[in-house]
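J.: For reference, the structure I am asking about is given below.
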Amino acid sequence: MTSAPPPEELDPDALKAVTHPLRRRILGVLSAGPATATKLAQALGENTGATSYHLRELARFGFVEDVPELARGKERWWRTRRRDIRWPRRSEQSAESRVLFDDMQRQGFEEDLEKLNRFAEKREELPGDWPDALLYARGGTWLTTEELKQFWDDYMELFRRYWRSEDDRSPEARRVLVRWLAFPDPGE
């Protein structure tokens with residue numbers, strides 16, 4: 001089993017680079033596997049010049065990397081680079097970073113909801129036990145900020161224990177999206 005990459009905090013320039021809407025879409029397509037700028041352009045309805053430029057920008061900040069073993073001639077393949085990205089605490093972010101981060105979170109929630117809806121529409125078509133693979137829990141508890149931070153650290157430790165690279169996965173494995181969300185009850 002491949003170990004998870006070490007946690008790293010992004011600087012404001014990297015945050016700005018990854019919050020660009022087309023770059024987020026590129027990362028979404030690449031999360032399913034490697035692709036060329038041409039294949040990405042076709043999948044996203046963009047031109048190859050745009051996808052090439054944004055791939056280079058994503059590579060500059062370490063979000064994607066070349067896949068030299070797939071290259072043929074001038075054809076350049078790209079894949080996401082596995083990273084355990086941590087965002088600076090909100091109190092440590094600039095006003096500009098907060099706006100970017102808030103927008104990125106909103107887009108992420110919208111994308112997650114859309115993926116959940118697509119799963120629900122196609123779930124009966126999935127083989128084996130996969131139609132039952134929607135695991136969901138909702139609850140609440142009383143925590144201090146220190147306990148909430150420890151809860152997060154424990155969750156991340158558990159997630160990292162199950163992390164696999166694409167090359168290290170079982171043939172029966174499917175990509176599973178995992179989302180964790182905790183926030184103070186606004187009614188309090």
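Quick note on naming: the chains in the structure tokens go A, B, ... in the order shown, residues restart at 1 in each chain, and ligands are numbered from 1 in order of appearance.
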I need the residues in segment 13-186 of chain A that are strand (DSSP E) according to DSSP; give them as a list in words.
T.: Ala35, Thr36, Val64, Glu65, Asp66, Trp77, Trp78, Arg79, Thr80, Asp84, Ile85 and Arg86 of chain A
J.: Using only C-alpha atoms, determine which residues lie at most 12 Å from segment 10-14 of chain A, disregarding the query and same-chain residues fewer than 2 positions distant; provide the list as an NGL selection string.
T.: :A and (7-8 or 16-20 or 23 or 57-63 or 83-89 or 92-101)
J.: Extract, using only C-alpha atoms, all DNA, RNA and protein residues at most 10 Å from Ala35 of chain A, discarding same-chain residues fewer than 5 positions from it, and format them as a PDB file with C-alpha atoms, in the first residue's frame.
T.:
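Dumped to result.pdb:
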```
ATOM      1  CA  ILE A  26      -9.503  20.023 -15.379  1.00  0.00           C
ATOM      2  CA  VAL A  29     -11.483  15.150 -15.182  1.00  0.00           C
ATOM      3  CA  LEU A  30      -7.911  14.184 -14.286  1.00  0.00           C
ATOM      4  CA  LEU A  40      -9.281  17.517 -21.766  1.00  0.00           C
ATOM      5  CA  ALA A  41     -10.292  20.170 -24.313  1.00  0.00           C
ATOM      6  CA  ALA A  43     -14.166  16.607 -22.577  1.00  0.00           C
ATOM      7  CA  ASP A  66       3.629  14.756 -16.518  1.00  0.00           C
ATOM      8  CA  VAL A  67       3.123  11.040 -17.133  1.00  0.00           C
ATOM      9  CA  LEU A  70       2.328   7.478 -21.682  1.00  0.00           C
ATOM     10  CA  ARG A  76       2.048  15.059 -23.355  1.00  0.00           C
ATOM     11  CA  TRP A  77      -0.036  13.236 -20.753  1.00  0.00           C
ATOM     12  CA  TRP A  78      -0.971  14.705 -17.376  1.00  0.00           C
ATOM     13  CA  ARG A  79      -2.261  13.338 -14.080  1.00  0.00           C
ATOM     14  CA  THR A  80      -3.173  14.824 -10.745  1.00  0.00           C
TER      15      THR A  80
END
```
J.: Could you list, as a PyMOL selection string, every residue within 12 Å of segment 131-146 of chain A, counting only C-alpha atoms and ignoring same-chain residues fewer than 2 positions away?
T.: chain A and resi 116-117+119-129+148-153+174-185+188
J.: Please, what distance in Å, to one decimal, runs between atom CA of Glu110 of chain A and atom CA of Ser52 of chain A?
T.: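 Between atom CA of Glu110 of chain A and atom CA of Ser52 of chain A the gap is 25.8 Å.
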